[in-house]
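J.: I'd like to ask you about the structure that follows.
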Amino acid sequence: MRSAKVTVTALIRAIYDALQSRKQLDGVQQTISRLDTLDLDSQRCSPLPPKIPLHFEGELKAAVDHIPASLKTVAEAFWVAAPYLSWNAETDSSAGYYEAGEDVGQSFLGGNLVCRLVGPSESFFLSQDLFLSLFFLKPRTLYRDHADRASEMYFNLTGPCGLRLGDEDWVDYPPDSVIWNPPSRPHATRVYRKPFFERRIVGERS
Ligand SMILES: [Fe+2]
């Protein structure tokens with residue numbers, strides 16, 4: 001059986017490879033550069049115990065089944081790594097996905113799961129300047145307007161999903177699309193019938 005480190009590294013590499021053809025988009029090159037500085041083969045990993053809340057299992061599977069053929073390699077790498085992934089609901093701001101005091105809404109609090117692949121703590125691989133997470137939202141979830149000190153890049157594995165950036169109107173994004181949000185710009189997310197995101201956050205946290 002392949003190890004947790006081998007399979008999670010392969011998943012990160014599949015995401016990295018998928019981003020290579022999107023380098024011209026804002027933020028993608030920055031994400032790739034930061035991934036380049038991580039030497040995953042020699043870096044020590046600190047896997048958390050594999051975990052997924054039972055009531056999310058079916059929906060997460062449905063989400064991955066909706067990943068389009070253009071991202072087949074990512075979906076396959078996901079299934080191989082899946083037994084080793086630790087999924088947790090973000091129910092407060094301590095992980096830095098949103099700022100303290102933000103009202104992100106009950107829909108988000110009960111409808112999200114995050115698996116931290118790279119980050120400053122409680123992540124499979126540790127890094128002080130890159131967050132890389134798999135991010136899942138249940139169907140019909142609203143993640144209300146919030147702002148982050150870090151810039152964020154969302155790489156949507158499924159869709160369509162809606163995002164509202166700053167003062168703009170809602171825009172629907174298809175699966176296999178990338179969105180870049182600069183630091184401190186408020187943004188909101190809504191999910192329709194089909195769930196799941198993958199997102200990464202790039203940037204310094206103060
Ligand atoms: Fe955000």
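Ligands are numbered from 1 in the order shown, chains are lettered A, B, ... in the order of the structure tokens, and residues start at 1 in each chain.
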Quick one: everything within 12 Å of Leu132 (chain A), counting only C-alpha atoms, minus sequence neighbours fewer than 2 positions away in the same chain. Send it as a ChimeraX atom specification.
T.: /A:8,11-13,15-16,31-32,34-35,38,97,114-130,134-135,152-155,198-203
J.: Could you dump the residues just selected with N, CA and C atoms as a CSV table (one decimal), in the first residue's frame?
T.:
chain,number,residue,atom,x,y,z
A,8,VAL,N,-0.3,11.9,-0.9
A,8,VAL,CA,-0.7,13.3,-0.8
A,8,VAL,C,0.3,14.2,-1.7
A,11,LEU,N,-1.0,14.0,-5.1
A,11,LEU,CA,-2.2,14.9,-5.3
A,11,LEU,C,-1.8,16.4,-5.5
A,12,ILE,N,-0.8,16.8,-4.7
A,12,ILE,CA,-0.3,18.2,-4.8
A,12,ILE,C,0.3,18.4,-6.2
A,13,ARG,N,1.1,17.4,-6.6
A,13,ARG,CA,1.7,17.5,-7.9
A,13,ARG,C,0.7,17.5,-9.0
A,15,ILE,N,-2.3,18.8,-8.9
A,15,ILE,CA,-2.8,20.2,-8.8
A,15,ILE,C,-1.8,21.1,-9.5
A,16,TYR,N,-0.6,21.0,-9.1
A,16,TYR,CA,0.5,21.8,-9.7
A,16,TYR,C,0.5,21.7,-11.2
A,31,THR,N,1.4,31.2,-7.1
A,31,THR,CA,1.1,30.0,-6.4
A,31,THR,C,2.2,28.9,-6.9
A,32,ILE,N,2.4,28.8,-8.2
A,32,ILE,CA,3.4,27.9,-8.7
A,32,ILE,C,4.8,28.1,-8.1
A,34,ARG,N,5.6,29.5,-5.3
A,34,ARG,CA,5.6,29.1,-3.9
A,34,ARG,C,5.6,27.6,-3.7
A,35,LEU,N,4.9,26.9,-4.6
A,35,LEU,CA,5.0,25.4,-4.6
A,35,LEU,C,6.4,25.0,-5.0
A,38,LEU,N,8.8,24.5,-2.2
A,38,LEU,CA,8.6,23.3,-1.3
A,38,LEU,C,9.3,22.1,-1.9
A,97,TYR,N,-8.8,31.5,7.7
A,97,TYR,CA,-9.6,31.6,6.4
A,97,TYR,C,-10.5,32.8,6.3
A,114,VAL,N,-12.7,21.5,5.2
A,114,VAL,CA,-11.4,21.9,4.7
A,114,VAL,C,-10.4,20.8,5.0
A,115,CYS,N,-9.6,20.5,4.1
A,115,CYS,CA,-8.4,19.6,4.3
A,115,CYS,C,-7.2,20.3,4.0
A,116,ARG,N,-6.4,20.6,5.0
A,116,ARG,CA,-5.2,21.4,4.8
A,116,ARG,C,-4.0,20.6,4.4
A,117,LEU,N,-3.6,20.8,3.2
A,117,LEU,CA,-2.5,20.1,2.6
A,117,LEU,C,-1.1,20.8,2.9
A,118,VAL,N,-1.1,22.1,2.8
A,118,VAL,CA,0.1,22.9,3.2
A,118,VAL,C,-0.3,24.1,4.0
A,119,GLY,N,0.4,24.4,5.0
A,119,GLY,CA,0.0,25.6,5.8
A,119,GLY,C,0.9,25.7,7.0
A,120,PRO,N,0.7,26.8,7.8
A,120,PRO,CA,1.6,27.1,8.9
A,120,PRO,C,1.4,26.2,10.1
A,121,SER,N,0.3,25.5,10.2
A,121,SER,CA,0.0,24.6,11.3
A,121,SER,C,-1.1,23.6,11.0
A,122,GLU,N,-1.1,22.5,11.7
A,122,GLU,CA,-2.1,21.5,11.5
A,122,GLU,C,-2.3,21.2,10.0
A,123,SER,N,-1.2,21.1,9.3
A,123,SER,CA,-1.3,20.8,7.8
A,123,SER,C,-0.4,19.6,7.5
A,124,PHE,N,-0.7,19.0,6.4
A,124,PHE,CA,0.1,17.8,6.1
A,124,PHE,C,1.6,18.2,5.9
A,125,PHE,N,1.8,19.2,5.1
A,125,PHE,CA,3.2,19.8,5.0
A,125,PHE,C,3.2,21.2,5.6
A,126,LEU,N,4.2,21.6,6.3
A,126,LEU,CA,4.3,22.9,6.9
A,126,LEU,C,5.0,23.9,6.0
A,127,SER,N,4.4,25.1,5.9
A,127,SER,CA,5.0,26.2,5.2
A,127,SER,C,4.5,27.5,5.9
A,128,GLN,N,5.3,28.5,6.0
A,128,GLN,CA,4.9,29.7,6.6
A,128,GLN,C,4.3,30.7,5.6
A,129,ASP,N,4.4,30.5,4.3
A,129,ASP,CA,3.9,31.5,3.4
A,129,ASP,C,3.0,30.9,2.3
A,130,LEU,N,2.5,29.7,2.5
A,130,LEU,CA,1.6,29.1,1.5
A,130,LEU,C,0.5,28.3,2.3
A,134,LEU,N,-7.8,21.7,0.3
A,134,LEU,CA,-9.0,21.3,-0.4
A,134,LEU,C,-10.2,21.9,0.3
A,135,PHE,N,-11.1,22.4,-0.4
A,135,PHE,CA,-12.2,23.1,0.3
A,135,PHE,C,-13.5,22.7,-0.3
A,152,GLU,N,-6.0,35.3,-2.1
A,152,GLU,CA,-6.6,33.9,-2.3
A,152,GLU,C,-6.7,33.6,-3.7
A,153,MET,N,-6.4,32.3,-4.0
A,153,MET,CA,-6.7,31.8,-5.4
A,153,MET,C,-7.6,30.6,-5.2
A,154,TYR,N,-8.7,30.6,-5.9
A,154,TYR,CA,-9.6,29.5,-5.9
A,154,TYR,C,-9.4,28.8,-7.2
A,155,PHE,N,-9.2,27.5,-7.2
A,155,PHE,CA,-9.2,26.7,-8.4
A,155,PHE,C,-10.4,25.7,-8.3
A,198,GLU,N,-11.8,23.5,-4.9
A,198,GLU,CA,-10.5,23.4,-4.3
A,198,GLU,C,-10.0,24.8,-4.2
A,199,ARG,N,-9.3,25.1,-3.2
A,199,ARG,CA,-8.8,26.5,-3.1
A,199,ARG,C,-7.4,26.5,-2.5
A,200,ARG,N,-6.7,27.5,-2.9
A,200,ARG,CA,-5.5,27.7,-2.2
A,200,ARG,C,-5.4,29.2,-1.8
A,201,ILE,N,-4.7,29.4,-0.8
A,201,ILE,CA,-4.5,30.8,-0.3
A,201,ILE,C,-3.0,31.1,-0.4
A,202,VAL,N,-2.6,32.1,-1.1
A,202,VAL,CA,-1.2,32.5,-1.1
A,202,VAL,C,-1.1,33.8,-0.4
A,203,GLY,N,0.0,33.9,0.3
A,203,GLY,CA,0.2,35.3,0.9
A,203,GLY,C,0.7,35.2,2.3
J.: Please report, as a ChimeraX atom specification, each residue of region 10-193 of chain A to which DSSP assigns alpha helix (DSSP H) when run on this structure's backbone.
T.: /A:10-20,28-36,57-65,72-81,106-111
J.: Would you give me, as a Markdown table, each residue of chain A having an atom within 8 Å of an atom of ligand 1, along with its shortest atom pair and that distance in Å to one decimal, using only C-alpha atoms and all ligand atoms and sorting by chain and residue number?
T.:
| residue | atom | partner | partner_atom_place_in_ligand_line | distance |
| --- | --- | --- | --- | --- |
| A:Tyr97 | CA | ligand 1 | 1 (Fe) | 6.0 |
| A:Tyr98 | CA | ligand 1 | 1 (Fe) | 6.0 |
| A:His146 | CA | ligand 1 | 1 (Fe) | 6.3 |
| A:Ala147 | CA | ligand 1 | 1 (Fe) | 6.1 |
| A:Asp148 | CA | ligand 1 | 1 (Fe) | 5.8 |
| A:Glu152 | CA | ligand 1 | 1 (Fe) | 6.6 |
| A:Pro186 | CA | ligand 1 | 1 (Fe) | 7.8 |
| A:His187 | CA | ligand 1 | 1 (Fe) | 6.5 |
| A:Ala188 | CA | ligand 1 | 1 (Fe) | 7.3 |
J.: Save out the residues we just selected, N, CA and C atoms, as a tab-separated table (two decimals), in the first residue's frame.
T.:
chain	number	residue	atom	x	y	z
A	97	TYR	N	-8.83	31.54	7.68
A	97	TYR	CA	-9.56	31.57	6.41
A	97	TYR	C	-10.48	32.79	6.32
A	98	TYR	N	-10.79	33.34	7.44
A	98	TYR	CA	-11.49	34.62	7.48
A	98	TYR	C	-11.11	35.29	8.79
A	146	HIS	N	-16.77	38.24	3.24
A	146	HIS	CA	-15.72	38.30	4.25
A	146	HIS	C	-14.44	38.77	3.54
A	147	ALA	N	-13.46	39.17	4.33
A	147	ALA	CA	-12.18	39.61	3.75
A	147	ALA	C	-11.06	38.85	4.44
A	148	ASP	N	-9.99	38.66	3.72
A	148	ASP	CA	-8.82	37.96	4.25
A	148	ASP	C	-7.60	38.85	4.13
A	152	GLU	N	-6.05	35.28	-2.13
A	152	GLU	CA	-6.58	33.93	-2.27
A	152	GLU	C	-6.71	33.56	-3.74
A	186	PRO	N	-13.31	42.22	-0.03
A	186	PRO	CA	-14.40	41.35	0.42
A	186	PRO	C	-14.88	40.45	-0.72
A	187	HIS	N	-15.30	39.28	-0.36
A	187	HIS	CA	-15.81	38.35	-1.37
A	187	HIS	C	-16.77	37.37	-0.71
A	188	ALA	N	-17.68	36.85	-1.51
A	188	ALA	CA	-18.65	35.87	-1.03
A	188	ALA	C	-18.77	34.76	-2.07
J.: Using only C-alpha atoms, which of the listed residues (A:Ser133, A:Ser42, A:Ser177, A:Ser184) sits closest to Thr158 (chain A)?
T.: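 Under the stated criterion, the closest residue is A:Ser177.
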J.: In Å, how far is it from CA of Gly111 (chain A) to CA of Lys72 (chain A)?
T.: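 Taking CA of Gly111 (chain A) and CA of Lys72 (chain A), their separation equals 25.3 Å.
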J.: Taking the backbone alone, and naming residues the way the document does, which bits of region 5-205 of chain A are strand (DSSP E or B) by DSSP, as number ranges by chain?
T.: A: 45, 51, 86, 88, 112-119, 125-126, 130-137, 142-146, 151-156, 161-165, 171-173, 177-181, 187-191, 197-202
J.: Considering only C-alpha atoms, return as a count of residues only whatever protein or nucleic-acid residues lie within 6 Å of Asn112 (chain A), sequence-local ones (same chain, fewer than 2 positions apart) excluded.
T.: 4
J.: Which residues are near Lys138 (chain A)? Cut-off 12 Å, only C-alpha atoms, ignore same chain within fewer than 2 positions. Put them as JSON, numbers by chain.
T.: {"A": [55, 56, 57, 58, 59, 60, 61, 62, 63, 89, 107, 108, 109, 110, 111, 112, 113, 114, 135, 136, 140, 141, 142, 143, 158, 159, 161, 189, 190, 191, 192, 193, 194, 195, 196, 197]}
J.: Save out the residues we just selected, N, CA and C atoms, as a short mmCIF file (atom, residue, chain, number, x, y, z; two decimals), in the first residue's frame.
T.:
data_model
loop_
_atom_site.label_atom_id
_atom_site.label_comp_id
_atom_site.auth_asym_id
_atom_site.auth_seq_id
_atom_site.Cartn_x
_atom_site.Cartn_y
_atom_site.Cartn_z
N HIS A 55 -21.66 12.40 7.80
CA HIS A 55 -22.76 12.93 7.01
C HIS A 55 -22.27 13.67 5.76
N PHE A 56 -20.95 13.89 5.64
CA PHE A 56 -20.42 14.56 4.45
C PHE A 56 -19.95 13.56 3.39
N GLU A 57 -19.81 12.31 3.79
CA GLU A 57 -19.11 11.35 2.93
C GLU A 57 -19.74 11.23 1.53
N GLY A 58 -21.07 11.05 1.49
CA GLY A 58 -21.75 10.88 0.21
C GLY A 58 -21.65 12.12 -0.66
N GLU A 59 -21.77 13.28 -0.03
CA GLU A 59 -21.72 14.53 -0.81
C GLU A 59 -20.33 14.80 -1.35
N LEU A 60 -19.33 14.46 -0.58
CA LEU A 60 -17.96 14.65 -1.05
C LEU A 60 -17.70 13.73 -2.25
N LYS A 61 -18.18 12.51 -2.17
CA LYS A 61 -18.00 11.58 -3.28
C LYS A 61 -18.71 12.12 -4.53
N ALA A 62 -19.93 12.62 -4.33
CA ALA A 62 -20.68 13.18 -5.46
C ALA A 62 -19.92 14.35 -6.07
N ALA A 63 -19.31 15.15 -5.21
CA ALA A 63 -18.56 16.30 -5.71
C ALA A 63 -17.40 15.85 -6.59
N ALA A 89 -14.38 20.80 9.69
CA ALA A 89 -15.20 21.98 9.42
C ALA A 89 -14.53 23.21 10.02
N SER A 107 -25.05 29.01 7.19
CA SER A 107 -24.98 28.13 6.03
C SER A 107 -23.55 27.66 5.82
N PHE A 108 -22.60 28.58 5.89
CA PHE A 108 -21.20 28.21 5.73
C PHE A 108 -20.73 27.34 6.89
N LEU A 109 -21.06 27.76 8.11
CA LEU A 109 -20.52 27.05 9.29
C LEU A 109 -20.95 25.58 9.30
N GLY A 110 -22.17 25.31 8.79
CA GLY A 110 -22.64 23.93 8.78
C GLY A 110 -22.37 23.21 7.47
N GLY A 111 -21.81 23.90 6.50
CA GLY A 111 -21.71 23.31 5.17
C GLY A 111 -20.32 23.22 4.59
N ASN A 112 -19.29 23.47 5.42
CA ASN A 112 -17.94 23.46 4.86
C ASN A 112 -17.08 22.35 5.44
N LEU A 113 -16.11 21.95 4.64
CA LEU A 113 -15.05 21.06 5.11
C LEU A 113 -13.75 21.52 4.47
N VAL A 114 -12.69 21.47 5.25
CA VAL A 114 -11.38 21.87 4.74
C VAL A 114 -10.38 20.77 5.04
N PHE A 135 -11.08 22.40 -0.37
CA PHE A 135 -12.15 23.13 0.29
C PHE A 135 -13.46 22.66 -0.30
N PHE A 136 -14.33 22.17 0.57
CA PHE A 136 -15.59 21.59 0.12
C PHE A 136 -16.75 22.40 0.69
N ARG A 140 -26.00 24.32 -2.19
CA ARG A 140 -26.85 25.40 -1.65
C ARG A 140 -26.28 26.01 -0.37
N THR A 141 -24.99 26.22 -0.39
CA THR A 141 -24.33 26.89 0.74
C THR A 141 -23.97 28.31 0.33
N LEU A 142 -24.17 29.23 1.26
CA LEU A 142 -23.73 30.62 1.05
C LEU A 142 -22.62 30.92 2.04
N TYR A 143 -21.49 31.33 1.52
CA TYR A 143 -20.36 31.77 2.34
C TYR A 143 -20.37 33.28 2.22
N THR A 158 -15.21 21.84 -9.45
CA THR A 158 -16.56 21.60 -9.94
C THR A 158 -17.27 22.94 -10.10
N GLY A 159 -18.42 22.90 -10.65
CA GLY A 159 -19.15 24.13 -10.84
C GLY A 159 -20.45 23.84 -11.58
N CYS A 161 -20.23 27.63 -9.76
CA CYS A 161 -20.39 28.20 -8.44
C CYS A 161 -20.31 29.71 -8.61
N THR A 189 -19.24 33.62 -1.61
CA THR A 189 -19.34 32.45 -2.48
C THR A 189 -20.70 31.81 -2.30
N ARG A 190 -21.29 31.36 -3.39
CA ARG A 190 -22.53 30.57 -3.25
C ARG A 190 -22.42 29.34 -4.13
N VAL A 191 -22.95 28.26 -3.60
CA VAL A 191 -22.86 26.98 -4.29
C VAL A 191 -24.26 26.57 -4.67
N TYR A 192 -24.42 26.05 -5.86
CA TYR A 192 -25.74 25.65 -6.35
C TYR A 192 -25.96 24.15 -6.09
N ARG A 193 -26.40 23.43 -7.10
CA ARG A 193 -26.72 22.02 -6.91
C ARG A 193 -25.48 21.16 -6.69
N LYS A 194 -24.37 21.56 -7.37
CA LYS A 194 -23.17 20.72 -7.30
C LYS A 194 -22.17 21.31 -6.31
N PRO A 195 -21.65 20.49 -5.44
CA PRO A 195 -20.74 20.99 -4.42
C PRO A 195 -19.27 21.01 -4.86
N PHE A 196 -18.45 21.43 -4.00
CA PHE A 196 -16.98 21.28 -4.02
C PHE A 196 -16.21 22.38 -4.70
N PHE A 197 -15.15 22.72 -4.05
CA PHE A 197 -14.12 23.65 -4.49
C PHE A 197 -12.79 23.01 -4.22
#
J.: With only C-alpha atoms as the counted atoms, please give the residues lying no more than 9 Å from Ala4 (chain A), apart from itself and same-chain residues fewer than 4 positions off, as a ChimeraX atom specification.
T.: /A:8-9,47,81,83-85
J.: So how far away is CA of Ala82 (chain A) from CA of Gln106 (chain A), in Å?
T.: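 Separating CA of Gln106 (chain A) from CA of Ala82 (chain A) is a distance of 27.1 Å.
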J.: Just to confirm, what's the straight-line distance from CA of Trp180 (chain A) to CA of Ser151 (chain A) in Å (one decimal)?
T.: 7.5 Å
J.: Calculated over only C-alpha atoms, which of the candidates A:Val104, A:Cys45, A:Ala150, A:Ala18 has the smallest distance to Ala77 (chain A)?
T.: A:Ala18
